[in-house]
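Pasting my_file-v7.cif here (mmCIF, C-alpha atoms and all ligand atoms):
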data_model
loop_
_atom_site.label_atom_id
_atom_site.label_comp_id
_atom_site.auth_asym_id
_atom_site.auth_seq_id
_atom_site.Cartn_x
_atom_site.Cartn_y
_atom_site.Cartn_z
CA MET A 1 46.38 -49.53 58.73
CA SER A 2 43.40 -51.75 59.39
CA ALA A 3 42.90 -55.26 57.92
CA PRO A 4 40.61 -55.75 54.89
CA ASN A 5 37.05 -55.53 55.98
CA SER A 6 36.19 -59.12 55.09
CA SER A 7 33.56 -59.28 57.75
CA TYR A 8 31.71 -56.23 56.42
CA ASP A 9 28.05 -56.92 56.83
CA PRO A 10 25.85 -55.58 54.02
CA VAL A 11 22.95 -55.59 56.41
CA GLN A 12 24.64 -52.62 58.03
CA VAL A 13 24.21 -50.55 54.83
CA THR A 14 20.63 -49.64 55.43
CA ASP A 15 19.99 -48.22 51.99
CA LEU A 16 20.79 -51.52 50.39
CA GLN A 17 18.65 -53.72 52.51
CA PRO A 18 16.02 -55.48 50.43
CA GLU A 19 13.13 -53.81 52.26
CA GLU A 20 14.68 -50.39 51.73
CA ILE A 21 15.11 -50.97 48.03
CA GLU A 22 11.56 -52.24 47.73
CA ALA A 23 10.28 -49.29 49.73
CA ALA A 24 12.19 -46.87 47.49
CA ARG A 25 10.86 -48.65 44.42
CA ASP A 26 7.28 -48.60 45.70
CA ALA A 27 7.50 -44.96 46.68
CA ALA A 28 8.75 -44.19 43.17
CA LEU A 29 5.95 -46.22 41.57
CA ALA A 30 3.34 -44.51 43.72
CA ALA A 31 4.70 -41.06 42.87
CA LEU A 32 4.75 -41.94 39.17
CA ALA A 33 1.20 -43.19 39.30
CA GLY A 34 0.13 -39.97 41.02
CA ALA A 35 1.81 -37.67 38.49
CA ASP A 36 -1.05 -36.27 36.47
CA ASP A 37 0.76 -33.95 34.13
CA LEU A 38 4.16 -33.68 32.50
CA ASP A 39 5.44 -31.01 34.88
CA VAL A 40 4.69 -33.14 37.93
CA LEU A 41 6.21 -36.14 36.16
CA ALA A 42 9.44 -34.23 35.56
CA ASP A 43 9.58 -33.47 39.26
CA VAL A 44 8.92 -37.10 40.22
CA ARG A 45 11.66 -38.15 37.85
CA THR A 46 14.18 -36.00 39.71
CA ARG A 47 13.07 -37.09 43.14
CA HIS A 48 12.51 -40.80 42.49
CA VAL A 49 13.90 -42.01 39.16
CA SER A 50 17.18 -40.59 38.02
CA GLY A 51 17.84 -37.35 39.88
CA ARG A 52 20.56 -36.92 42.47
CA PRO A 53 18.16 -37.13 45.45
CA ALA A 54 16.43 -40.31 44.16
CA PRO A 55 16.88 -43.05 46.87
CA LEU A 56 17.73 -45.67 44.24
CA VAL A 57 20.42 -43.42 42.82
CA LEU A 58 21.83 -42.73 46.26
CA ALA A 59 21.80 -46.44 47.11
CA ARG A 60 23.81 -47.28 43.99
CA ARG A 61 26.67 -45.23 45.36
CA GLU A 62 26.89 -47.57 48.31
CA VAL A 63 27.24 -50.74 46.23
CA GLY A 64 30.91 -50.35 45.60
CA ALA A 65 31.68 -50.48 49.29
CA LEU A 66 30.25 -54.01 49.67
CA PRO A 67 32.24 -57.26 49.56
CA PRO A 68 31.97 -59.03 46.20
CA GLN A 69 29.12 -61.44 46.96
CA ALA A 70 27.01 -58.90 48.74
CA ARG A 71 27.81 -56.41 45.98
CA ALA A 72 26.43 -58.75 43.35
CA ASP A 73 23.25 -59.38 45.33
CA ALA A 74 22.64 -55.78 46.09
CA GLY A 75 23.45 -54.81 42.50
CA LYS A 76 20.92 -57.28 41.15
CA ARG A 77 18.18 -56.11 43.47
CA LEU A 78 18.97 -52.50 42.72
CA ASN A 79 18.99 -53.06 38.99
CA ALA A 80 15.67 -54.88 39.12
CA ALA A 81 14.10 -52.10 41.17
CA SER A 82 15.55 -49.40 38.90
CA ARG A 83 14.36 -51.19 35.77
CA THR A 84 10.84 -51.43 37.18
CA VAL A 85 10.85 -47.76 38.10
CA ASN A 86 12.29 -46.73 34.71
CA GLU A 87 9.72 -48.76 32.85
CA ALA A 88 6.95 -47.25 34.94
CA TYR A 89 8.37 -43.82 34.24
CA GLU A 90 8.49 -44.42 30.46
CA ALA A 91 4.97 -45.79 30.50
CA ARG A 92 3.67 -42.83 32.49
CA LEU A 93 5.53 -40.42 30.20
CA ALA A 94 3.92 -42.02 27.16
CA VAL A 95 0.44 -41.79 28.67
CA LEU A 96 0.80 -38.18 29.78
CA THR A 97 2.38 -37.10 26.48
CA GLU A 98 -0.46 -38.64 24.58
CA GLN A 99 -3.01 -36.92 26.83
CA ARG A 100 -1.25 -33.58 26.40
CA ASP A 101 -1.14 -33.95 22.60
CA ALA A 102 -4.81 -34.84 22.46
CA ARG A 103 -5.70 -31.83 24.62
CA VAL A 104 -3.57 -29.41 22.56
CA LEU A 105 -5.21 -30.67 19.39
CA VAL A 106 -8.61 -29.78 20.80
CA GLU A 107 -7.70 -26.57 22.60
CA GLU A 108 -5.49 -25.07 19.92
CA SER A 109 -7.40 -26.16 16.89
CA VAL A 110 -8.48 -23.39 14.50
CA ASP A 111 -11.93 -23.34 13.02
CA VAL A 112 -11.24 -21.82 9.64
CA THR A 113 -14.95 -21.31 9.08
CA LEU A 114 -15.28 -18.82 11.98
CA PRO A 115 -15.51 -15.13 11.03
CA THR A 116 -12.12 -13.44 11.33
CA GLY A 117 -11.54 -10.60 13.75
CA ARG A 118 -9.36 -8.74 11.26
CA ALA A 119 -10.53 -5.18 10.70
CA ALA A 120 -11.39 -4.37 7.13
CA ARG A 121 -9.11 -1.91 5.39
CA GLY A 122 -10.63 1.41 4.53
CA ALA A 123 -9.87 3.63 1.59
CA ARG A 124 -8.96 7.26 1.10
CA HIS A 125 -11.95 9.45 0.39
CA PRO A 126 -12.16 10.42 -3.31
CA LEU A 127 -12.17 14.07 -2.28
CA SER A 128 -8.80 13.75 -0.53
CA VAL A 129 -7.45 11.87 -3.54
CA VAL A 130 -8.63 14.62 -5.90
CA ALA A 131 -7.14 17.35 -3.69
CA ASP A 132 -3.80 15.54 -3.83
CA ARG A 133 -3.99 15.13 -7.59
CA VAL A 134 -4.73 18.82 -8.05
CA ALA A 135 -1.77 19.66 -5.84
CA ASP A 136 0.42 17.27 -7.87
CA VAL A 137 -0.54 18.94 -11.16
CA PHE A 138 0.39 22.38 -9.80
CA VAL A 139 3.46 21.39 -7.84
CA ALA A 140 4.76 19.96 -11.12
CA MET A 141 4.30 23.46 -12.60
CA GLY A 142 6.31 25.05 -9.77
CA TYR A 143 3.47 26.10 -7.45
CA GLU A 144 3.56 25.78 -3.67
CA VAL A 145 0.70 24.58 -1.49
CA ALA A 146 -0.57 27.25 0.95
CA GLU A 147 -3.11 26.99 3.75
CA GLY A 148 -5.26 29.38 5.74
CA PRO A 149 -7.69 29.22 8.68
CA GLU A 150 -11.29 28.11 8.28
CA ALA A 151 -12.46 30.67 10.85
CA GLU A 152 -11.31 33.77 9.02
CA HIS A 153 -11.45 37.49 9.67
CA GLY A 154 -13.84 39.37 7.40
CA TRP A 155 -11.01 41.60 6.29
CA TYR A 156 -9.26 38.66 4.56
CA ASN A 157 -12.47 37.04 3.34
CA PHE A 158 -14.03 40.23 1.95
CA ASP A 159 -12.33 43.65 2.40
CA ALA A 160 -8.86 42.83 1.14
CA LEU A 161 -10.56 41.05 -1.75
CA ASN A 162 -12.14 44.32 -2.84
CA THR A 163 -15.61 43.26 -1.68
CA PRO A 164 -17.57 46.34 -0.55
CA PRO A 165 -19.26 46.38 2.89
CA ASP A 166 -22.72 46.21 1.33
CA HIS A 167 -21.96 43.30 -1.02
CA PRO A 168 -24.81 40.72 -0.89
CA SER A 169 -22.39 37.81 -0.29
CA ARG A 170 -21.73 39.29 3.15
CA GLU A 171 -25.34 38.95 4.22
CA LEU A 172 -26.30 36.54 6.95
CA GLN A 173 -28.26 34.44 4.45
CA ASP A 174 -25.01 33.56 2.71
CA THR A 175 -22.24 33.88 5.24
CA LEU A 176 -21.90 32.17 8.62
CA TYR A 177 -20.66 34.65 11.23
CA LEU A 178 -19.07 33.55 14.48
CA GLU A 179 -20.30 35.15 17.68
CA PRO A 180 -19.94 37.88 18.71
CA THR A 181 -20.80 39.02 15.20
CA THR A 182 -19.19 42.39 15.95
CA SER A 183 -15.81 40.65 15.82
CA SER A 184 -16.28 40.15 12.05
CA VAL A 185 -15.00 36.59 12.18
CA VAL A 186 -16.66 34.35 9.61
CA LEU A 187 -16.40 30.75 8.53
CA ARG A 188 -14.59 31.48 5.30
CA THR A 189 -16.94 31.42 2.33
CA GLN A 190 -14.15 30.81 -0.18
CA THR A 191 -10.46 29.89 -0.28
CA SER A 192 -9.69 33.31 -1.82
CA PRO A 193 -8.56 34.82 1.55
CA VAL A 194 -5.52 32.53 1.32
CA GLN A 195 -4.51 34.65 -1.70
CA VAL A 196 -4.30 37.64 0.63
CA ARG A 197 -2.43 35.73 3.31
CA SER A 198 0.03 34.38 0.75
CA LEU A 199 0.77 37.81 -0.73
CA LEU A 200 1.25 39.31 2.72
CA THR A 201 3.69 36.64 3.88
CA ARG A 202 5.59 35.40 0.81
CA PRO A 203 8.26 37.05 -1.28
CA LEU A 204 7.30 37.81 -4.88
CA PRO A 205 6.79 36.22 -7.33
CA VAL A 206 4.04 34.10 -5.75
CA TYR A 207 2.68 30.89 -7.27
CA VAL A 208 0.42 29.07 -4.82
CA ILE A 209 -2.38 26.58 -4.78
CA CYS A 210 -4.71 26.53 -1.73
CA PRO A 211 -7.05 23.59 -1.23
CA GLY A 212 -9.45 23.82 1.70
CA ARG A 213 -12.89 23.65 3.20
CA VAL A 214 -15.36 26.52 2.88
CA PHE A 215 -18.76 27.26 4.41
CA ARG A 216 -21.98 28.83 3.23
CA ALA A 217 -25.50 29.14 4.60
CA ASP A 218 -26.82 26.69 2.02
CA THR A 219 -29.18 23.75 2.38
CA VAL A 220 -28.16 20.32 1.19
CA ASP A 221 -29.41 19.13 -2.20
CA ALA A 222 -28.02 17.10 -5.10
CA THR A 223 -25.62 19.89 -6.08
CA HIS A 224 -25.08 21.94 -2.88
CA LEU A 225 -23.50 21.40 0.50
CA PRO A 226 -23.14 24.00 3.27
CA VAL A 227 -19.61 22.69 3.86
CA PHE A 228 -17.63 22.00 0.73
CA SER A 229 -14.13 22.29 -0.65
CA GLN A 230 -12.40 24.56 -3.08
CA VAL A 231 -9.00 24.86 -4.55
CA GLU A 232 -7.68 28.35 -5.10
CA GLY A 233 -4.83 29.25 -7.43
CA LEU A 234 -2.81 32.46 -7.45
CA ALA A 235 0.06 33.56 -9.67
CA ILE A 236 1.60 37.02 -9.22
CA ASP A 237 4.69 37.90 -11.22
CA GLU A 238 5.94 40.49 -13.65
CA GLY A 239 4.21 40.46 -17.01
CA LEU A 240 1.53 37.81 -16.48
CA THR A 241 -1.46 38.10 -18.82
CA MET A 242 -4.80 36.45 -19.44
CA ALA A 243 -3.05 34.14 -21.91
CA ASP A 244 -1.08 32.69 -18.96
CA LEU A 245 -4.36 32.17 -17.12
CA ARG A 246 -5.91 30.30 -20.07
CA GLY A 247 -2.84 28.16 -20.56
CA THR A 248 -2.71 27.32 -16.86
CA LEU A 249 -6.39 26.30 -16.77
CA ASP A 250 -5.90 24.15 -19.88
CA ALA A 251 -2.90 22.46 -18.26
CA PHE A 252 -4.95 21.97 -15.08
CA ALA A 253 -7.83 20.29 -16.95
CA ALA A 254 -5.48 18.23 -19.09
CA GLY A 255 -3.52 17.02 -16.06
CA LEU A 256 -6.65 16.07 -14.15
CA PHE A 257 -9.11 14.81 -16.75
CA SER A 258 -6.88 13.12 -19.29
CA ASP A 259 -8.64 9.81 -18.69
CA VAL A 260 -12.23 11.16 -18.68
CA ARG A 261 -13.74 10.91 -22.19
CA GLY A 262 -10.28 11.39 -23.67
CA GLY A 263 -9.79 14.68 -21.80
CA LEU A 264 -12.29 17.40 -20.84
CA ARG A 265 -12.06 20.90 -22.31
CA THR A 266 -12.79 24.16 -20.51
CA ARG A 267 -14.34 27.42 -21.62
CA LEU A 268 -14.46 30.90 -20.08
CA ARG A 269 -17.60 33.00 -19.82
CA PRO A 270 -17.41 36.68 -18.86
CA HIS A 271 -18.54 37.23 -15.29
CA PHE A 272 -17.98 39.54 -12.35
CA PHE A 273 -15.95 38.92 -9.21
CA PRO A 274 -14.92 41.82 -6.97
CA PHE A 275 -11.32 40.58 -6.73
CA THR A 276 -10.57 40.08 -10.42
CA GLU A 277 -10.79 42.31 -13.48
CA PRO A 278 -11.56 41.03 -16.02
CA SER A 279 -13.31 38.01 -14.50
CA ALA A 280 -14.74 34.86 -15.96
CA GLU A 281 -16.52 31.72 -14.99
CA VAL A 282 -14.77 28.49 -15.93
CA ASP A 283 -16.96 25.74 -17.38
CA LEU A 284 -15.97 22.14 -17.85
CA GLN A 285 -17.12 20.06 -20.75
CA CYS A 286 -19.92 17.85 -19.34
CA PHE A 287 -18.50 14.52 -18.17
CA GLY A 288 -21.94 12.94 -18.60
CA CYS A 289 -22.76 13.67 -22.24
CA GLY A 290 -19.44 14.98 -23.48
CA GLY A 291 -20.77 18.46 -24.13
CA ASP A 292 -20.09 19.85 -27.55
CA SER A 293 -17.57 17.18 -28.32
CA ALA A 294 -17.01 16.06 -31.90
CA ALA A 295 -19.15 13.05 -30.98
CA GLY A 296 -22.30 15.00 -31.71
CA GLY A 297 -22.91 17.79 -29.24
CA PRO A 298 -24.76 17.90 -25.92
CA ASP A 299 -27.50 15.45 -25.11
CA PRO A 300 -30.73 17.36 -24.35
CA ALA A 301 -31.68 14.66 -21.85
CA CYS A 302 -28.37 14.75 -19.93
CA ARG A 303 -29.22 15.06 -16.24
CA ILE A 304 -25.80 16.28 -15.28
CA CYS A 305 -25.65 19.42 -17.42
CA SER A 306 -29.42 19.66 -18.12
CA GLY A 307 -28.58 19.55 -21.79
CA GLU A 308 -26.20 22.52 -21.56
CA GLY A 309 -23.13 20.53 -22.54
CA TRP A 310 -21.04 22.34 -19.90
CA ILE A 311 -20.96 22.40 -16.13
CA GLU A 312 -19.81 25.29 -13.99
CA TRP A 313 -16.43 24.52 -12.49
CA GLY A 314 -15.30 27.76 -10.86
CA GLY A 315 -14.25 31.35 -11.34
CA CYS A 316 -11.11 33.10 -12.48
CA GLY A 317 -9.67 36.38 -13.65
CA MET A 318 -6.80 38.82 -13.55
CA VAL A 319 -6.20 39.94 -9.97
CA ASP A 320 -7.71 43.37 -9.40
CA PRO A 321 -5.08 46.08 -8.74
CA ALA A 322 -7.06 47.01 -5.60
CA VAL A 323 -6.33 43.54 -4.17
CA LEU A 324 -2.62 43.86 -4.95
CA THR A 325 -2.55 47.26 -3.27
CA ALA A 326 -4.36 45.93 -0.18
CA CYS A 327 -1.66 43.28 0.06
CA GLY A 328 1.22 45.72 -0.36
CA VAL A 329 2.07 44.65 -3.92
CA ASP A 330 2.81 47.34 -6.51
CA PRO A 331 0.24 46.90 -9.33
CA ALA A 332 2.39 49.00 -11.66
CA ARG A 333 5.06 46.33 -11.54
CA TYR A 334 3.23 43.10 -10.81
CA SER A 335 0.20 41.46 -12.30
CA GLY A 336 -1.30 38.03 -12.16
CA PHE A 337 -4.27 35.77 -12.21
CA ALA A 338 -6.36 33.77 -9.77
CA PHE A 339 -8.93 31.03 -9.97
CA GLY A 340 -11.09 29.00 -7.63
CA MET A 341 -12.78 25.66 -8.31
CA GLY A 342 -15.10 23.40 -6.36
CA LEU A 343 -13.33 20.19 -5.40
CA GLU A 344 -16.56 18.21 -5.04
CA ARG A 345 -17.49 19.09 -8.62
CA THR A 346 -14.01 18.11 -9.70
CA ALA A 347 -14.31 14.73 -7.98
CA MET A 348 -17.78 14.24 -9.45
CA ALA A 349 -16.47 14.95 -12.95
CA LEU A 350 -13.56 12.57 -12.47
CA HIS A 351 -15.69 9.70 -11.22
CA ASN A 352 -19.04 10.38 -12.85
CA ILE A 353 -20.70 10.86 -9.45
CA ARG A 354 -24.22 12.19 -9.95
CA ASP A 355 -25.22 13.36 -6.47
CA ILE A 356 -22.93 15.49 -4.30
CA ARG A 357 -24.47 13.98 -1.14
CA GLU A 358 -22.71 10.70 -1.89
CA LEU A 359 -19.50 12.45 -0.91
CA ILE A 360 -20.65 13.06 2.65
CA ASP A 361 -22.60 9.87 3.38
CA GLY A 362 -19.60 8.34 5.11
CA ASP A 363 -20.23 4.90 3.61
CA VAL A 364 -16.87 3.19 3.31
CA ARG A 365 -18.11 1.18 0.31
CA PHE A 366 -18.30 4.44 -1.59
CA ALA A 367 -14.66 5.28 -0.93
CA LEU A 368 -13.61 1.67 -1.59
CA ALA A 369 -15.24 1.74 -5.02
CA PHE A 370 -12.86 4.50 -6.10
CA SER A 371 -9.73 3.20 -4.45
CA ARG A 372 -9.76 0.12 -6.70
CA GLY A 373 -9.54 2.12 -9.87
CA GLY A 374 -5.95 3.09 -9.16
CA ASN A 375 -6.83 6.62 -8.08
CA ALA A 376 -6.00 6.09 -4.44
N1 LIG B 401 -14.01 32.68 -4.68
C1 LIG B 401 -14.92 32.47 -5.79
C2 LIG B 401 -16.13 31.69 -5.29
O1 LIG B 401 -16.07 31.12 -4.24
C3 LIG B 401 -14.25 31.70 -6.89
C4 LIG B 401 -13.20 32.49 -7.54
C5 LIG B 401 -13.52 33.32 -8.58
C6 LIG B 401 -11.90 32.46 -7.11
C7 LIG B 401 -12.56 34.08 -9.24
C8 LIG B 401 -10.93 33.22 -7.73
C9 LIG B 401 -11.28 34.03 -8.79
O2 LIG B 401 -9.65 33.23 -7.36
O3 LIG B 401 -10.32 34.77 -9.41
O4 LIG B 401 -17.11 31.67 -5.98
#

Once more with this new file: its structure as structure tokens, please.
Amino acid sequence: MSAPNSSYDPVQVTDLQPEEIEAARDAALAALAGADDLDVLADVRTRHVSGRPAPLVLARREVGALPPQARADAGKRLNAASRTVNEAYEARLAVLTEQRDARVLVEESVDVTLPTGRAARGARHPLSVVADRVADVFVAMGYEVAEGPEAEHGWYNFDALNTPPDHPSRELQDTLYLEPTTSSVVLRTQTSPVQVRSLLTRPLPVYVICPGRVFRADTVDATHLPVFSQVEGLAIDEGLTMADLRGTLDAFAAGLFSDVRGGLRTRLRPHFFPFTEPSAEVDLQCFGCGGDSAAGGPDPACRICSGEGWIEWGGCGMVDPAVLTACGVDPARYSGFAFGMGLERTAMALHNIRDIRELIDGDVRFALAFSRGGNA
């Protein structure tokens, strides 16, 4: 065992020599001064201030090995250097933190007066809303919703519906034929072909409602569109009569128009349709002047009904036995009724819209105006 190392010379511990400590201190101060953001400062802190590789930290480990007097000297010098470096670090940290905060305040500030980028919410089109309401009224009565194609074979659109080959509605002036015209495919002129499709595919009894788009060779004006919408109804069962038809139409109008002028009434006028016998046109009490309401009768100046008091809503009737036969249904056992209404007219009556073209303008403000009223 060797004797105590009383002659240990601190000068031999290079790290603790005054010049080394000063050099380490100065290097740390220079690095701190050069740190121009908080990330760099964190790195400088590890390498020069308090991290394992910092020379002043490494030097401190050597202190314990010195004889008492030298240990005190070296400790003092080391502490002084460390204090200086720590203070410089804290000062630099304060400066850089303040700079960062000031920059964030500028860069991340929000100008609440700038226009927002948020897209405006749209609204459902009143026509879609009406179609849904019609479906709701009938689904509540046990009907199902049926659909058919818009490009339809002439057999469904005309022949099966008892419409003779020379019927004027088949002419090119009224009906849009797809090419080649010999294929007899038309853009359906009515939703009535869905009656045929429903009877051919569904088990009896059949109670269906068929909303959809239809097409006619019409020009646009305040009351006509070449592309418009209808809703078709069909009920085929045992023992159905015209009284069931009337009651159903009354329930339809009551369900849909309860909040228009305290409820709109309907009336039937005899008419002819190839697919129903007897047939009738369905009129709706005018939503503009109230028609022949107890309030005093039609207004001769009413622009909506031209002083008639009623507006045409659609057609209806008892399904012709020829249609049932074409669809494979025995007319001796089954009977029923059908009706078809214009959905645009229905929406116009509900919302007091005076020009049908408003429905196709595509102006979102129009749809928004109706979505606020609780109809959406
Ligand atoms: N399809 C007829 C039209 O477009 C409306 C219609 C009339 C439908 C009588 C029917 C009906 O179901 O029975 O003018």

Checklist entry - So how far away is atom CA of Arg345 of chain A from atom CA of Arg261 of chain A, in Å? => result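 Distance reported for this atom pair: 16.3 Å.
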
Report the closest atom pair, with its distance in Å rounded to one decimal, for each residue of segment 66-117 of chain A that has an atom no farther than 9 Å from segment 40-57 of chain A; count only C-alpha atoms, sort by chain and then rising residue number, and write it as a Markdown table.
| residue | atom | partner | partner_atom | distance |
| --- | --- | --- | --- | --- |
| A:Leu78 | CA | A:Leu56 | CA | 7.1 |
| A:Ala81 | CA | A:Leu56 | CA | 8.0 |
| A:Ser82 | CA | A:Leu56 | CA | 6.9 |
| A:Val85 | CA | A:Val49 | CA | 6.6 |
| A:Asn86 | CA | A:Val49 | CA | 6.7 |
| A:Tyr89 | CA | A:Arg45 | CA | 7.5 |
| A:Arg92 | CA | A:Leu41 | CA | 8.0 |
| A:Leu93 | CA | A:Leu41 | CA | 7.4 |
| A:Leu96 | CA | A:Leu41 | CA | 8.6 |

Checklist entry - Which polymer residues have any atom within 12 Å of an atom of Asp244 of chain A, counting all atoms listed in the file, with same-chain residues fewer than 4 positions away left out, as a PyMOL selection string? => result chain A and resi 234-240+248-251+316-318+335-338

Please save C-alpha atoms of the selected residues as an mmCIF file, keeping the file's coordinate frame.
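And here is the file that came out, result-v5.cif:
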data_model
loop_
_atom_site.group_PDB
_atom_site.id
_atom_site.type_symbol
_atom_site.label_atom_id
_atom_site.label_comp_id
_atom_site.auth_asym_id
_atom_site.auth_seq_id
_atom_site.Cartn_x
_atom_site.Cartn_y
_atom_site.Cartn_z
ATOM 1 C CA LEU A 234 -2.810 32.460 -7.450
ATOM 2 C CA ALA A 235 0.060 33.560 -9.670
ATOM 3 C CA ILE A 236 1.600 37.020 -9.220
ATOM 4 C CA ASP A 237 4.690 37.900 -11.220
ATOM 5 C CA GLU A 238 5.940 40.490 -13.650
ATOM 6 C CA GLY A 239 4.210 40.460 -17.010
ATOM 7 C CA LEU A 240 1.530 37.810 -16.480
ATOM 8 C CA THR A 248 -2.710 27.320 -16.860
ATOM 9 C CA LEU A 249 -6.390 26.300 -16.770
ATOM 10 C CA ASP A 250 -5.900 24.150 -19.880
ATOM 11 C CA ALA A 251 -2.900 22.460 -18.260
ATOM 12 C CA CYS A 316 -11.110 33.100 -12.480
ATOM 13 C CA GLY A 317 -9.670 36.380 -13.650
ATOM 14 C CA MET A 318 -6.800 38.820 -13.550
ATOM 15 C CA SER A 335 0.200 41.460 -12.300
ATOM 16 C CA GLY A 336 -1.300 38.030 -12.160
ATOM 17 C CA PHE A 337 -4.270 35.770 -12.210
ATOM 18 C CA ALA A 338 -6.360 33.770 -9.770
#

Next on the checklist: Excluding Ser279 of chain A and its own-chain neighbours fewer than 4 positions away, which residues fall within 10 Å of it when counting all atoms listed in the file? Please give them as a ChimeraX atom specification.
Outcome noted: /A:242,268-275,315-320,337-339

Within 12 Å of segment 108-131 of chain A, which residues of segment 243-315 of chain A come that close, and what is the closest atom pair and distance in Å for each? Count all atoms listed in the file and give it as CSV.
residue,atom,partner,partner_atom,distance
A:Gly255,CA,A:Val130,CA,11.6
A:Leu256,CA,A:Val130,CA,8.6
A:Phe257,CA,A:Val130,CA,10.9
